[in-house]
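To start, the structure itself, in structure tokens.
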Amino acid sequence: MTRFETRIAGYGGQGVITLSKMIITASSLYEGLAGTQTEAYSAAARGGKCWAEVVIDLDKTVKVIDYPKALEPYDFLIILSEEAAADVKPNMIKKEPNTGYLIWDNSTIQKVRAAKKVDKSLGIPIQKMAVEKFGNIVYGNSILLGVFTILSGIFSEESALETIKKFVPSSTLDRNLESFELGKQEAIEFLNRLKEGNN
């Protein structure tokens with residue numbers, strides 16, 4: 001099975017849909033992998049519940065995704081709101097090596113009850129970092145793309161950077177690239193902690 005399945009959940013205005021489109025762009029457009037992206041949101045587009053899923057086939061010989069929806073357990077689960085956090089259960093995340101990550105914003109979510117039972121769970125103050133360091137929550141997408149790039153290993157940093165250039169206004173490119181680096185460092189430090197814990 002070479003499918004890599006990601007789900008992102010939060011509310012409208014947090015960049016849930018945009019992040020999913022960045023992931024599919026880096027994977028498909030720049031890495032040549034077959035993939036699909038699906039999304040849904042409540043009637044209240046901003047502030048309402050929303051989610052997005054990305055399915056990527058890591059086998060470059062595969063040209064079409066046979067089923068577009070992500071299936072539990074997920075390889076990667078990103079949670080950005082309290083409401084989405086309440087729905088998380090440990091069996092929603094894979095327990096295999098090099099996959100099964102639960103990433104959540106601990107500046108907007110007080111607790112993810114399932115996090116203690118997930119081997120690879122990482123809380124990052126994404127919204128807080130985006131606002132305090134760069135002045136706007138929109139930079140959270142680039143932070144998360146940096147985290148995803150390192151932890152998933154699906155696409156290269158070069159593909160991620162090309163994706164950022166495609167998605168953001170040129171006037172904000174430098175800050176988005178800094179945001180990406182910040183996310184990368186968070187992920188690298190997390191992987192180092194995981195290695196130390198396994199030794």
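Here's how to read the names in the structure tokens: chain A, B, ... by the order shown, residue numbers from 1 in each chain, ligand numbers from 1 in the order shown.
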
I'd like a table as JSON lines: residues in region 57-112 of chain A with an atom no more than 8 Å from region 135-156 of chain A, each row giving the shortest atom pair and its distance in Å to one decimal, only C-alpha atoms counted, sorted by chain and rising residue number.
{"residue": "A:Leu58", "atom": "CA", "partner": "A:Ile154", "partner_atom": "CA", "distance": 7.3}
{"residue": "A:Phe76", "atom": "CA", "partner": "A:Ser152", "partner_atom": "CA", "distance": 7.8}
{"residue": "A:Asn98", "atom": "CA", "partner": "A:Ser152", "partner_atom": "CA", "distance": 7.5}
{"residue": "A:Thr99", "atom": "CA", "partner": "A:Ser152", "partner_atom": "CA", "distance": 7.0}
{"residue": "A:Tyr101", "atom": "CA", "partner": "A:Leu151", "partner_atom": "CA", "distance": 8.0}

Near-region 78-87 of chain A list (8 Å; only C-alpha atoms; drop same-chain fewer than 3 positions) as a PDB file with N, CA and C atoms, in the first residue's frame:
ATOM      1  N   THR A   6      -3.709  12.263   4.408  1.00  0.00           N
ATOM      2  CA  THR A   6      -3.624  13.388   5.347  1.00  0.00           C
ATOM      3  C   THR A   6      -4.989  14.026   5.536  1.00  0.00           C
ATOM      4  N   ARG A   7      -5.306  14.366   6.765  1.00  0.00           N
ATOM      5  CA  ARG A   7      -6.539  15.112   7.067  1.00  0.00           C
ATOM      6  C   ARG A   7      -6.162  16.345   7.876  1.00  0.00           C
ATOM      7  N   ILE A   8      -6.766  17.486   7.520  1.00  0.00           N
ATOM      8  CA  ILE A   8      -6.565  18.751   8.227  1.00  0.00           C
ATOM      9  C   ILE A   8      -7.942  19.232   8.662  1.00  0.00           C
ATOM     10  N   ALA A   9      -8.100  19.563   9.930  1.00  0.00           N
ATOM     11  CA  ALA A   9      -9.421  19.977  10.422  1.00  0.00           C
ATOM     12  C   ALA A   9      -9.299  21.218  11.300  1.00  0.00           C
ATOM     13  N   GLY A  10     -10.259  22.121  11.148  1.00  0.00           N
ATOM     14  CA  GLY A  10     -10.275  23.340  11.942  1.00  0.00           C
ATOM     15  C   GLY A  10     -11.528  24.128  11.625  1.00  0.00           C
ATOM     16  N   TYR A  11     -11.391  25.441  11.525  1.00  0.00           N
ATOM     17  CA  TYR A  11     -12.532  26.260  11.131  1.00  0.00           C
ATOM     18  C   TYR A  11     -12.119  27.227  10.024  1.00  0.00           C
ATOM     19  N   GLN A  14      -8.656  29.676   9.004  1.00  0.00           N
ATOM     20  CA  GLN A  14      -7.385  29.207   9.548  1.00  0.00           C
ATOM     21  C   GLN A  14      -6.419  28.709   8.469  1.00  0.00           C
ATOM     22  N   LYS A  49     -16.976  25.205  10.900  1.00  0.00           N
ATOM     23  CA  LYS A  49     -16.172  23.984  10.873  1.00  0.00           C
ATOM     24  C   LYS A  49     -15.780  23.632   9.439  1.00  0.00           C
ATOM     25  N   LEU A 102       0.367  13.213  14.588  1.00  0.00           N
ATOM     26  CA  LEU A 102      -0.724  14.082  15.031  1.00  0.00           C
ATOM     27  C   LEU A 102      -0.106  15.433  15.365  1.00  0.00           C
ATOM     28  N   ILE A 103      -0.465  16.461  14.587  1.00  0.00           N
ATOM     29  CA  ILE A 103       0.047  17.810  14.800  1.00  0.00           C
ATOM     30  C   ILE A 103      -1.121  18.701  15.189  1.00  0.00           C
ATOM     31  N   TRP A 104      -0.960  19.481  16.244  1.00  0.00           N
ATOM     32  CA  TRP A 104      -2.061  20.344  16.678  1.00  0.00           C
ATOM     33  C   TRP A 104      -1.538  21.681  17.199  1.00  0.00           C
ATOM     34  N   ASP A 105      -2.397  22.688  17.097  1.00  0.00           N
ATOM     35  CA  ASP A 105      -2.038  24.048  17.472  1.00  0.00           C
ATOM     36  C   ASP A 105      -2.343  24.259  18.951  1.00  0.00           C
ATOM     37  N   THR A 108      -4.272  27.490  20.235  1.00  0.00           N
ATOM     38  CA  THR A 108      -5.721  27.639  20.070  1.00  0.00           C
ATOM     39  C   THR A 108      -6.493  26.472  20.685  1.00  0.00           C
ATOM     40  N   ILE A 109      -5.777  25.404  21.024  1.00  0.00           N
ATOM     41  CA  ILE A 109      -6.413  24.204  21.585  1.00  0.00           C
ATOM     42  C   ILE A 109      -5.816  23.931  22.962  1.00  0.00           C
ATOM     43  N   GLN A 110      -6.658  23.846  23.976  1.00  0.00           N
ATOM     44  CA  GLN A 110      -6.155  23.606  25.327  1.00  0.00           C
ATOM     45  C   GLN A 110      -5.645  22.183  25.501  1.00  0.00           C
ATOM     46  N   LYS A 111      -6.391  21.234  24.948  1.00  0.00           N
ATOM     47  CA  LYS A 111      -6.006  19.830  25.145  1.00  0.00           C
ATOM     48  C   LYS A 111      -6.536  18.958  24.015  1.00  0.00           C
ATOM     49  N   VAL A 112      -5.707  18.016  23.589  1.00  0.00           N
ATOM     50  CA  VAL A 112      -6.156  16.956  22.687  1.00  0.00           C
ATOM     51  C   VAL A 112      -6.047  15.670  23.508  1.00  0.00           C
ATOM     52  N   ARG A 113      -7.185  15.191  23.980  1.00  0.00           N
ATOM     53  CA  ARG A 113      -7.177  14.046  24.901  1.00  0.00           C
ATOM     54  C   ARG A 113      -6.447  12.835  24.332  1.00  0.00           C
TER      55      ARG A 113
END

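Each of A:Leu77, A:Ile164, A:Leu191, A:Ala130 was checked against Ala52 (chain A) using only C-alpha atoms; the smallest atom-to-atom distance is that of A:Leu77.
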
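Coordinates place CA of Ser107 (chain A) at a distance of 7.3 Å from CA of Ile124 (chain A).
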
What does the distance from CA of Ile126 (chain A) to CA of Leu33 (chain A) come to in Å, to one decimal?
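Atom-to-atom, CA of Ile126 (chain A) and CA of Leu33 (chain A) are spaced 27.9 Å apart.
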